[in-house]
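This is run35.txt. It holds compact mmCIF, C-alpha atoms.
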# COMPACT_ATOMS: atom_id res chain seq x y z
CA MET A 1 -53.59 -89.58 -191.60
CA GLU A 2 -57.05 -88.14 -192.37
CA SER A 3 -58.33 -91.59 -193.30
CA SER A 4 -57.03 -92.98 -190.01
CA ILE A 5 -59.03 -90.30 -188.19
CA LEU A 6 -62.04 -91.18 -190.34
CA LYS A 7 -61.53 -94.86 -189.54
CA TYR A 8 -61.56 -94.23 -185.79
CA LEU A 9 -64.47 -91.77 -185.94
CA SER A 10 -66.44 -94.23 -188.06
CA THR A 11 -65.61 -97.25 -185.86
CA TRP A 12 -66.46 -95.44 -182.62
CA GLN A 13 -69.77 -94.22 -184.04
CA TYR A 14 -70.57 -97.71 -185.30
CA GLN A 15 -69.94 -99.18 -181.82
CA LEU A 16 -71.87 -96.43 -180.02
CA ASN A 17 -74.73 -96.76 -182.51
CA MET A 18 -74.95 -100.51 -181.80
CA PHE A 19 -74.68 -99.97 -178.05
CA ILE A 20 -77.44 -97.33 -177.99
CA SER A 21 -79.85 -99.40 -180.10
CA LYS A 22 -79.26 -102.53 -178.00
CA THR A 23 -79.64 -100.62 -174.72
CA ILE A 24 -82.85 -98.87 -175.81
CA ARG A 25 -84.29 -102.24 -176.81
CA ASP A 26 -83.29 -103.75 -173.45
CA ILE A 27 -85.20 -101.16 -171.41
CA ASN A 28 -87.93 -102.66 -169.25
CA ASP A 29 -89.87 -101.59 -166.15
CA GLU A 30 -87.14 -102.68 -163.73
CA ASN A 31 -84.06 -101.19 -165.34
CA SER A 32 -85.56 -98.18 -167.13
CA ILE A 33 -83.91 -95.47 -164.96
CA THR A 34 -80.40 -96.98 -165.00
CA LEU A 35 -80.47 -97.74 -168.71
CA SER A 36 -82.03 -94.38 -169.60
CA PHE A 37 -79.20 -92.52 -167.84
CA THR A 38 -76.67 -94.80 -169.54
CA ILE A 39 -78.22 -93.98 -172.91
CA LEU A 40 -78.14 -90.23 -172.19
CA GLY A 41 -74.44 -90.45 -171.27
CA ILE A 42 -73.66 -92.40 -174.41
CA ALA A 43 -75.81 -90.03 -176.49
CA PHE A 44 -73.65 -87.13 -175.24
CA LEU A 45 -70.48 -89.00 -176.24
CA TYR A 46 -72.04 -90.00 -179.56
CA GLY A 47 -72.87 -86.33 -180.27
CA LEU A 48 -69.33 -85.27 -179.35
CA ILE A 49 -67.75 -87.79 -181.77
CA HIS A 50 -70.46 -87.41 -184.42
CA ALA A 51 -69.88 -83.65 -184.69
CA ALA A 52 -66.11 -84.21 -184.74
CA GLY A 53 -66.60 -85.82 -188.12
CA PRO A 54 -66.99 -83.64 -191.18
CA GLY A 55 -70.00 -81.36 -191.43
CA HIS A 56 -72.21 -79.74 -188.79
CA GLY A 57 -71.11 -76.27 -189.85
CA LYS A 58 -67.70 -76.33 -188.25
CA ALA A 59 -66.17 -74.77 -191.36
CA VAL A 60 -68.65 -71.88 -191.32
CA VAL A 61 -68.04 -71.36 -187.59
CA ALA A 62 -64.26 -71.44 -188.10
CA LEU A 63 -64.51 -68.94 -190.95
CA TYR A 64 -66.93 -66.73 -189.01
CA PHE A 65 -64.69 -66.51 -185.96
CA GLY A 66 -61.51 -66.48 -187.98
CA ASP A 67 -62.35 -63.27 -189.82
CA GLY A 68 -60.47 -61.19 -187.30
CA LYS A 69 -63.46 -59.46 -185.77
CA LYS A 70 -65.42 -61.79 -183.58
CA ARG A 71 -62.68 -62.57 -181.09
CA ASP A 72 -64.56 -63.67 -178.02
CA TYR A 73 -64.41 -67.17 -176.49
CA LYS A 74 -67.83 -66.78 -174.88
CA GLU A 75 -69.32 -65.88 -178.25
CA ALA A 76 -67.77 -69.02 -179.77
CA LEU A 77 -69.17 -71.20 -176.96
CA LYS A 78 -72.60 -69.59 -177.33
CA MET A 79 -72.50 -70.04 -181.10
CA GLY A 80 -71.69 -73.77 -180.80
CA TYR A 81 -74.61 -74.35 -178.47
CA LEU A 82 -77.00 -72.11 -180.43
CA ILE A 83 -76.28 -74.18 -183.54
CA SER A 84 -76.74 -77.48 -181.74
CA ILE A 85 -80.00 -76.31 -180.10
CA ILE A 86 -81.45 -75.29 -183.50
CA HIS A 87 -80.04 -78.51 -185.01
CA THR A 88 -81.88 -80.58 -182.41
CA ILE A 89 -85.18 -78.66 -182.50
CA SER A 90 -85.15 -79.05 -186.28
CA ALA A 91 -84.46 -82.81 -185.99
CA LEU A 92 -87.23 -83.26 -183.42
CA ILE A 93 -89.78 -81.29 -185.48
CA VAL A 94 -88.94 -83.13 -188.72
CA THR A 95 -88.86 -86.59 -187.08
CA PHE A 96 -92.05 -86.20 -185.04
CA GLY A 97 -93.73 -84.42 -187.98
CA LEU A 98 -92.87 -87.15 -190.46
CA PHE A 99 -93.61 -89.96 -188.03
CA PHE A 100 -96.95 -88.78 -186.66
CA ILE A 101 -98.30 -86.88 -189.67
CA ILE A 102 -97.09 -88.91 -192.62
CA LYS A 103 -96.18 -92.10 -190.71
CA THR A 104 -95.58 -94.31 -193.74
CA PHE A 105 -92.97 -93.37 -196.31
CA PHE A 106 -90.83 -92.03 -193.49
CA TYR A 107 -87.52 -92.80 -195.12
CA LYS A 108 -88.41 -91.42 -198.53
CA ASN A 109 -89.90 -88.25 -197.03
CA PHE A 110 -86.96 -87.89 -194.70
CA HIS A 111 -84.57 -87.70 -197.66
CA SER A 112 -86.65 -85.22 -199.67
CA THR A 113 -87.32 -83.06 -196.57
CA TYR A 114 -83.65 -83.21 -195.62
CA ASN A 115 -82.60 -82.12 -199.12
CA ASP A 116 -85.10 -79.23 -199.18
CA ILE A 117 -83.89 -77.95 -195.80
CA LEU A 118 -80.28 -78.39 -196.93
CA LYS A 119 -80.97 -76.11 -199.91
CA ILE A 120 -82.57 -73.46 -197.66
CA SER A 121 -79.58 -73.74 -195.33
CA SER A 122 -77.07 -73.29 -198.18
CA ILE A 123 -78.90 -70.17 -199.42
CA MET A 124 -78.79 -68.78 -195.88
CA ILE A 125 -75.05 -69.56 -195.63
CA VAL A 126 -74.51 -67.60 -198.87
CA LEU A 127 -76.48 -64.69 -197.34
CA VAL A 128 -74.25 -64.81 -194.24
CA GLY A 129 -71.20 -64.57 -196.52
CA LEU A 130 -72.72 -61.60 -198.37
CA TYR A 131 -73.54 -59.91 -195.07
CA ILE A 132 -69.96 -60.33 -193.82
CA ILE A 133 -68.61 -58.82 -197.07
CA TYR A 134 -71.10 -55.95 -196.80
CA GLU A 135 -69.98 -55.33 -193.22
CA ALA A 136 -66.32 -55.31 -194.29
CA TYR A 137 -67.09 -52.91 -197.16
CA LYS A 138 -69.01 -50.61 -194.85
CA THR A 139 -66.17 -50.65 -192.30
CA LYS A 140 -63.64 -49.78 -194.98
CA LYS A 141 -65.80 -46.98 -196.34
CA THR A 142 -66.46 -45.33 -193.01
CA LYS A 143 -62.95 -46.09 -191.76
CA GLU A 144 -64.36 -47.44 -188.53
CA THR A 145 -62.23 -49.48 -186.18
CA LEU A 146 -62.87 -53.20 -186.01
CA ASN A 147 -65.58 -52.96 -183.39
CA ILE A 148 -68.53 -54.91 -184.66
CA LYS A 149 -72.13 -55.50 -183.97
CA LYS A 150 -71.63 -59.12 -183.09
CA ASN A 151 -75.19 -60.23 -182.59
CA LYS A 152 -76.48 -59.11 -185.98
CA SER A 153 -75.09 -61.99 -188.00
CA LYS A 154 -74.61 -64.46 -185.14
CA PHE A 155 -78.17 -65.72 -185.10
CA LEU A 156 -78.27 -65.91 -188.90
CA VAL A 157 -75.09 -68.04 -188.89
CA ALA A 158 -76.49 -70.37 -186.20
CA LEU A 159 -79.85 -70.64 -187.94
CA SER A 160 -78.35 -71.23 -191.38
CA ILE A 161 -76.27 -74.16 -190.07
CA GLY A 162 -78.58 -75.51 -187.39
CA ILE A 163 -81.73 -75.60 -189.51
CA VAL A 164 -80.49 -78.74 -191.27
CA PRO A 165 -81.71 -81.57 -189.04
CA CYS A 166 -78.96 -83.94 -188.00
CA PRO A 167 -79.74 -87.40 -189.45
CA GLY A 168 -77.82 -88.93 -186.54
CA VAL A 169 -80.17 -87.29 -184.02
CA MET A 170 -83.20 -88.13 -186.18
CA THR A 171 -82.28 -91.82 -186.31
CA ILE A 172 -81.99 -92.10 -182.52
CA VAL A 173 -85.23 -90.13 -182.02
CA LEU A 174 -87.11 -92.29 -184.53
CA PHE A 175 -85.74 -95.49 -183.05
CA SER A 176 -86.82 -94.47 -179.52
CA VAL A 177 -90.23 -93.35 -180.80
CA MET A 178 -90.71 -96.65 -182.63
CA LEU A 179 -90.10 -98.46 -179.33
CA LYS A 180 -92.50 -96.02 -177.63
CA HIS A 181 -89.85 -94.34 -175.44
CA TYR A 182 -91.06 -90.81 -176.26
CA ILE A 183 -89.47 -88.94 -173.34
CA LEU A 184 -86.18 -90.77 -173.87
CA ALA A 185 -86.33 -89.77 -177.55
CA ILE A 186 -86.45 -86.09 -176.65
CA PHE A 187 -83.78 -86.34 -173.93
CA SER A 188 -81.40 -88.40 -176.10
CA ALA A 189 -81.70 -85.70 -178.76
CA ILE A 190 -80.93 -83.02 -176.15
CA PHE A 191 -77.91 -84.90 -174.77
CA MET A 192 -76.59 -85.68 -178.24
CA SER A 193 -76.93 -81.97 -179.07
CA LEU A 194 -75.00 -81.06 -175.88
CA GLY A 195 -72.14 -83.25 -177.14
CA MET A 196 -72.30 -81.77 -180.64
CA GLY A 197 -72.48 -78.23 -179.21
CA LEU A 198 -69.27 -78.80 -177.27
CA THR A 199 -67.40 -79.98 -180.38
CA ILE A 200 -68.66 -77.08 -182.52
CA SER A 201 -67.81 -74.62 -179.72
CA ILE A 202 -64.27 -75.99 -179.49
CA VAL A 203 -63.80 -75.30 -183.22
CA GLY A 204 -65.05 -71.73 -182.71
CA ILE A 205 -62.79 -71.25 -179.67
CA LEU A 206 -59.75 -72.58 -181.58
CA SER A 207 -60.58 -70.19 -184.39
CA VAL A 208 -60.79 -67.26 -181.94
CA LEU A 209 -57.48 -68.37 -180.42
CA PHE A 210 -55.90 -68.41 -183.86
CA SER A 211 -57.31 -64.96 -184.55
CA LYS A 212 -55.74 -63.62 -181.36
CA LYS A 213 -52.36 -65.06 -182.36
CA THR A 214 -52.55 -63.13 -185.60
CA ASP A 215 -53.59 -59.91 -183.87
CA LYS A 216 -50.98 -57.71 -185.57
CA PHE A 217 -51.88 -59.02 -189.00
CA ILE A 218 -55.59 -58.52 -188.28
CA LYS A 219 -55.08 -54.90 -187.25
CA THR A 220 -53.56 -54.12 -190.62
CA LYS A 221 -55.25 -56.61 -192.93
CA GLY A 222 -58.44 -57.32 -190.97
CA ILE A 223 -60.77 -56.10 -193.71
CA ILE A 224 -59.12 -58.31 -196.35
CA LEU A 225 -59.45 -61.26 -193.98
CA GLN A 226 -63.09 -60.43 -193.36
CA MET A 227 -63.76 -60.18 -197.11
CA LEU A 228 -61.99 -63.52 -197.67
CA SER A 229 -63.98 -65.11 -194.87
CA GLY A 230 -67.23 -63.89 -196.47
CA ILE A 231 -66.19 -65.17 -199.92
CA LEU A 232 -65.27 -68.62 -198.56
CA ILE A 233 -68.58 -68.85 -196.70
CA ILE A 234 -70.40 -68.02 -199.96
CA VAL A 235 -68.42 -70.72 -201.80
CA LEU A 236 -69.29 -73.21 -199.04
CA GLY A 237 -72.97 -72.34 -199.39
CA ILE A 238 -72.80 -72.84 -203.17
CA PHE A 239 -71.06 -76.21 -202.75
CA LEU A 240 -73.71 -77.34 -200.29
CA PHE A 241 -76.51 -76.18 -202.60
CA VAL A 242 -75.00 -77.97 -205.61
CA GLY A 243 -74.45 -81.08 -203.44
CA GLY A 244 -78.14 -81.00 -202.47
CA LEU A 245 -79.15 -80.99 -206.15
CA LYS A 246 -77.51 -84.40 -206.75
CA MET B 1 -54.51 -68.52 -192.02
CA ILE B 2 -55.43 -69.44 -195.56
CA LYS B 3 -54.18 -73.00 -194.96
CA VAL B 4 -56.31 -73.30 -191.83
CA LEU B 5 -59.36 -71.96 -193.65
CA LEU B 6 -58.80 -74.32 -196.56
CA LEU B 7 -58.41 -77.25 -194.18
CA PHE B 8 -61.80 -76.53 -192.60
CA PHE B 9 -63.24 -75.98 -196.07
CA TYR B 10 -61.86 -79.36 -197.15
CA ILE B 11 -63.22 -81.07 -194.05
CA LEU B 12 -66.74 -79.77 -194.64
CA LEU B 13 -66.87 -81.17 -198.12
CA TYR B 14 -66.96 -84.77 -197.15
CA GLY B 15 -69.77 -86.44 -195.29
CA HIS B 16 -69.83 -88.64 -192.25
CA PRO B 17 -71.59 -91.93 -191.70
CA HIS B 18 -75.18 -92.06 -190.51
CA CYS B 19 -75.80 -95.61 -191.65
CA PHE B 20 -73.62 -98.66 -191.00
CA ILE B 21 -73.65 -101.75 -193.18
CA GLU B 22 -71.86 -104.96 -192.24
CA VAL B 23 -70.79 -106.81 -195.39
CA TYR B 24 -70.70 -110.62 -195.38
CA PRO B 25 -69.20 -111.80 -198.69
CA LYS B 26 -69.50 -115.32 -200.10
CA ILE B 27 -67.22 -116.13 -202.98
CA ASP B 28 -67.28 -119.45 -204.81
CA THR B 29 -64.13 -120.49 -206.64
CA LYS B 30 -63.13 -123.24 -209.03
CA ASN B 31 -59.70 -123.86 -210.57
CA ASN B 32 -58.37 -120.64 -209.01
CA LEU B 33 -61.08 -118.62 -210.73
CA ILE B 34 -63.98 -116.71 -209.19
CA GLN B 35 -67.24 -118.43 -210.12
CA ASN B 36 -69.83 -116.60 -208.09
CA ILE B 37 -69.88 -113.58 -205.79
CA SER B 38 -72.71 -112.91 -203.38
CA PHE B 39 -73.15 -110.63 -200.41
CA ARG B 40 -75.28 -110.24 -197.36
CA TRP B 41 -75.54 -106.69 -196.11
CA GLU B 42 -76.67 -106.33 -192.53
CA ILE B 43 -77.99 -102.80 -192.00
CA ASP B 44 -77.66 -101.27 -188.51
CA GLU B 45 -80.63 -101.61 -186.20
CA MET B 46 -81.60 -97.93 -186.13
CA THR B 47 -81.62 -97.54 -189.90
CA SER B 48 -83.38 -100.90 -190.23
CA THR B 49 -86.14 -99.69 -187.90
CA ALA B 50 -86.57 -96.52 -189.97
CA LEU B 51 -86.70 -98.59 -193.16
CA MET B 52 -89.24 -101.01 -191.72
CA THR B 53 -91.61 -98.15 -190.82
CA GLU B 54 -91.90 -97.56 -194.53
CA ILE B 55 -91.56 -100.95 -196.19
CA ASP B 56 -93.38 -103.24 -193.79
CA THR B 57 -96.78 -101.87 -194.75
CA ASN B 58 -98.77 -104.69 -193.12
CA GLN B 59 -96.52 -104.44 -190.03
CA ASN B 60 -96.08 -108.21 -189.65
CA GLY B 61 -92.30 -107.96 -189.20
CA ILE B 62 -91.69 -109.94 -192.39
CA ILE B 63 -90.64 -108.57 -195.76
CA ASP B 64 -93.02 -110.29 -198.18
CA LYS B 65 -92.76 -110.48 -201.97
CA LYS B 66 -94.51 -107.15 -202.63
CA GLU B 67 -92.46 -105.36 -199.97
CA ASN B 68 -89.31 -107.02 -201.31
CA ASN B 69 -90.00 -105.62 -204.78
CA TYR B 70 -90.65 -102.18 -203.28
CA ILE B 71 -87.35 -102.15 -201.40
CA LYS B 72 -85.52 -103.55 -204.42
CA ASN B 73 -86.82 -100.88 -206.80
CA ASN B 74 -86.80 -97.91 -204.41
CA TYR B 75 -83.79 -98.52 -202.22
CA PHE B 76 -81.52 -101.14 -203.69
CA LEU B 77 -81.38 -100.62 -207.47
CA THR B 78 -81.18 -96.85 -206.93
CA LEU B 79 -77.77 -97.53 -205.37
CA LYS B 80 -76.47 -98.26 -208.86
CA GLU B 81 -75.35 -94.63 -209.15
CA ASN B 82 -73.24 -95.28 -206.03
CA HIS B 83 -71.89 -98.53 -207.58
CA PHE B 84 -73.67 -100.37 -204.74
CA TYR B 85 -70.70 -99.13 -202.66
CA THR B 86 -68.86 -102.07 -204.26
CA TYR B 87 -66.08 -101.74 -206.83
CA ILE B 88 -64.64 -104.91 -208.37
CA LYS B 89 -61.17 -104.83 -209.82
CA ASN B 90 -59.18 -107.41 -211.76
CA ASN B 91 -55.71 -106.27 -210.77
CA LYS B 92 -56.19 -102.53 -211.14
CA LYS B 93 -58.81 -102.59 -213.87
CA GLU B 94 -62.38 -101.95 -212.75
CA ILE B 95 -64.74 -104.70 -213.87
CA PRO B 96 -68.41 -103.98 -214.64
CA TYR B 97 -70.98 -106.29 -213.09
CA THR B 98 -74.70 -106.85 -213.00
CA ILE B 99 -77.05 -107.81 -210.19
CA LYS B 100 -78.37 -111.34 -210.60
CA PHE B 101 -80.53 -111.76 -207.56
CA PHE B 102 -81.88 -109.69 -204.68
CA GLN B 103 -83.77 -110.52 -201.55
CA ALA B 104 -84.43 -108.46 -198.44
CA LYS B 105 -85.02 -110.14 -195.08
CA TYR B 106 -85.74 -108.82 -191.60
CA LYS B 107 -83.92 -110.84 -188.97
CA ASN B 108 -82.87 -110.01 -185.39
CA ASN B 109 -84.23 -106.46 -185.79
CA LYS B 110 -82.02 -105.82 -188.80
CA VAL B 111 -82.81 -105.52 -192.48
CA ASN B 112 -80.57 -107.78 -194.57
CA TYR B 113 -79.97 -107.36 -198.29
CA ILE B 114 -78.89 -110.64 -199.90
CA PHE B 115 -77.73 -110.35 -203.48
CA SER B 116 -75.33 -111.80 -205.98
CA ILE B 117 -73.44 -110.20 -208.80
CA LYS B 118 -72.16 -111.41 -212.13
CA THR B 119 -69.05 -110.34 -214.01
CA LYS B 120 -68.65 -110.98 -217.75
CA THR B 121 -65.52 -113.05 -217.40
CA PRO B 122 -64.21 -115.10 -214.45
CA ILE B 123 -61.48 -113.38 -212.44
CA PRO B 124 -58.41 -115.21 -211.09
CA ILE B 125 -58.51 -115.30 -207.27
CA LYS B 126 -55.09 -113.66 -206.93
CA ASN B 127 -56.17 -110.70 -209.07
CA LEU B 128 -59.45 -109.99 -207.29
CA ASN B 129 -59.79 -106.76 -205.34
CA ILE B 130 -63.23 -105.73 -204.16
CA TYR B 131 -63.45 -102.23 -202.70
CA PHE B 132 -66.28 -101.39 -200.31
CA TYR B 133 -66.86 -97.72 -199.63
CA ASP B 134 -69.29 -94.84 -200.06
CA LYS B 135 -67.46 -91.94 -201.66
CA ASP B 136 -69.82 -89.50 -199.88
CA PHE B 137 -69.19 -91.37 -196.60
CA PHE B 138 -72.85 -91.10 -195.64
CA VAL B 139 -72.80 -94.88 -195.35
CA ALA B 140 -70.00 -96.74 -193.58
CA MET B 141 -69.31 -100.19 -195.01
CA ILE B 142 -67.95 -102.53 -192.35
CA LEU B 143 -65.93 -105.59 -193.34
CA LYS B 144 -64.08 -107.76 -190.83
CA GLN B 145 -61.99 -110.91 -191.19
CA GLU B 146 -64.50 -112.82 -189.05
CA PHE B 147 -67.21 -112.03 -191.60
CA LEU B 148 -65.39 -114.31 -194.05
CA GLU B 149 -65.62 -118.09 -194.12
CA LYS B 150 -62.96 -120.10 -192.30
CA ASN B 151 -59.82 -120.81 -194.36
CA SER B 152 -60.87 -118.07 -196.71
CA LEU B 153 -58.78 -117.47 -199.79
CA PHE B 154 -59.22 -113.75 -199.20
CA GLU B 155 -57.92 -111.16 -196.79
CA ILE B 156 -59.12 -107.73 -195.72
CA LYS B 157 -57.22 -104.45 -195.98
CA ASP B 158 -58.16 -100.88 -195.07
CA TYR B 159 -59.07 -98.56 -197.92
CA ASP B 160 -58.03 -94.93 -197.53
CA GLY B 161 -60.17 -92.87 -199.87
CA ASP B 162 -59.62 -89.15 -200.31
CA TYR B 163 -62.80 -88.28 -198.44
CA CYS B 164 -63.94 -91.57 -197.00
CA PHE B 165 -62.85 -94.80 -195.37
CA GLY B 166 -63.60 -98.35 -196.51
CA TYR B 167 -62.23 -101.84 -196.92
CA ILE B 168 -60.70 -104.00 -199.63
CA LEU B 169 -61.28 -107.73 -200.04
CA LYS B 170 -58.16 -109.15 -201.69
CA GLY B 171 -57.42 -112.53 -203.17
CA LYS B 172 -54.44 -114.21 -201.47

Written as structure tokens, how would this file's structure read?
Amino acid sequence: MESSILKYLSTWQYQLNMFISKTIRDINDENSITLSFTILGIAFLYGLIHAAGPGHGKAVVALYFGDGKKRDYKEALKMGYLISIIHTISALIVTFGLFFIIKTFFYKNFHSTYNDILKISSIMIVLVGLYIIYEAYKTKKTKETLNIKKNKSKFLVALSIGIVPCPGVMTIVLFSVMLKHYILAIFSAIFMSLGMGLTISIVGILSVLFSKKTDKFIKTKGIILQMLSGILIIVLGIFLFVGGLK
Amino acid sequence: MIKVLLLFFYILLYGHPHCFIEVYPKIDTKNNLIQNISFRWEIDEMTSTALMTEIDTNQNGIIDKKENNYIKNNYFLTLKENHFYTYIKNNKKEIPYTIKFFQAKYKNNKVNYIFSIKTKTPIPIKNLNIYFYDKDFFVAMILKQEFLEKNSLFEIKDYDGDYCFGYILKGK
């Protein structure tokens, strides 16, 4: 079942990847507007499917919104887009930085830079987990109700996930830059991030929905759930860090 | 709740493809035994472009001998730890192999890796199973029936890994 999903996600991405590269290469003075808009549409779809695959912080988002406290659809939507915006800015900075500053050795530097940022991201994810546990502990100690200061950890969560540049975005940006379509490079990254943001938001919204369904349980066991959410986020961060050491 | 959390946790742990490689196998047989196995990998255009920015140092659009050695040592042989995304089995037993030859070419805006492999003992056609997959699923290996020669003695099946998807080339 999972492999079938992976097969379709992989096949669709493969076809979209081929379509985008062929279309970017076909751009000329006469068809540039039509093809550019086609590419942006496809980039959005590519981002949507790309983020539906594993990764892109969906697990952290699900755990963050599934801890019984942050039960707001708007917050989930905002979080998805905040992550994808940071994801894209990071990809643009790393790609343009490597391409224009280092130019040669792009691929090798891309991998080492990517791994370094991945390690920073995993440390930040661990910090998010610790913060959530601290919040739960403080709530328990002061016997406060489950009203939280939502914004405190929200940005840290988005930053910790989004800081890792998406290699998918980077590849499209680099490809467009190589063919000297600089504006298209930036806009394809933006449209791909809009697609990814929607997918990540949907995961957050589903998590909020699930939290609402378990409202009674949360009222009584909310702190345990919050602690568990924090612990799982820490474990995720450790797994990512260890994975980056390979 | 725990199940849902664990599902998301499980999903995060496997990667997703950023690079796509089409695999064109060529298998020579004699007396129902495998004599020689070679492959041509065609790397997707976007990844090829990124690779060429680094390897084509004189920017002539051709991978010359020096650039070929660079790509072989820095990008191809380093894939040994990933089994070159290629696992050869005689029935169910995994067979070790060595790389005999490697050449990189740039054709139709794509980098091609052409290489052959050698097993210690010849394998009967019927027993041959070659698995193509990246266990981290960062690379998607693509194998289609039309990539094989006409009247091929082999067929292609899907491979369902725990965390990835790939293909199997099976002797008929």

(request) For each of A:Ser10, A:Ser84, A:Ser21, A:Thr38, take the minimum atom-to-atom distance to Ser176 (chain A), counting all atoms listed in the file, then give the residue where this is smallest. (result) A:Ser21

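Counting all atoms listed in the file and comparing B:Ile125, B:Val23, B:Ala140, B:Ile117, the residue that lies closest to chain A is B:Ala140.
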
(message) Measuring between all atoms listed in the file, which one of A:Phe241, A:Tyr64, A:Tyr14, A:Phe37 shows the shortest distance to chain B?
(response) A:Tyr14

(request) Find the residues around Asn90 (chain B) up to 12 Å (only C-alpha atoms counted), leave out those fewer than 5 positions away in its own chain, and share them as a PyMOL selection string. (result) chain B and resi 33-34+95-97+119-131+169-171

(request) Excluding region 45-51 of chain A and residues on its chain fewer than 5 positions from it, collect all residues at most 8 Å away from it, counting all atoms listed in the file, and give them as a PyMOL selection string. (result) (chain A and resi 9+12-13+16-17+56+168+191-200) or (chain B and resi 16)

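Proximity of A:Tyr182, A:Tyr137, A:Tyr73, A:Phe99 to chain B, computed with only C-alpha atoms, is greatest for A:Phe99.
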
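Interatomic distance, CA of Leu143 (chain B) to CA of Tyr167 (chain B): 6.4 Å.
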
(message) For Glu149 (chain B), find every residue with an atom within 12 Å (counting only C-alpha atoms), except residues of its own chain fewer than 2 positions away, and show them as a ChimeraX atom specification.
(response) /B:24-28,144-147,151-155

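Residues in contact with Gln103 (chain B) at up to 10 Å, not including ones fewer than 6 positions away on its chain and judged by only C-alpha atoms, are Arg40, Ile63, Asp64, Lys65, Asn68, Asn69, Ile71, Lys72, Phe76, Asn112, Tyr113, Ile114, Phe115 and Ser116 of chain B.
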
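Minimum atom-to-atom distances from B:Thr86, B:Asn91, B:Asn109, B:Asn31 to Ile43 (chain B) were compared using all atoms listed in the file, and the lowest value belongs to B:Asn109.
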
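Considering all atoms listed in the file, the residue among B:Glu67, B:Glu42, B:Glu22, B:Glu54 positioned nearest to chain A is B:Glu54.
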
(message) Neighbouring residues of Leu174 (chain A) were defined as those with any atom within 12 Å, considering all atoms listed in the file; residues of the same chain fewer than 4 positions away were excluded. Please report them as an MDAnalysis selection string.
(response) (chainID A and resid 21 24 91:100 103 106:107 110 167:170 178:186 188:189) or (chainID B and resid 45:53)

(request) Would you work out the distance separating CA of Arg25 (chain A) from CA of Val177 (chain A), expressed in Å to one decimal? (result) 11.4 Å

(request) Have a look at CA of Ile123 (chain A) and CA of Phe137 (chain B) and let me know their distance in Å, one decimal. (result) 23.5 Å
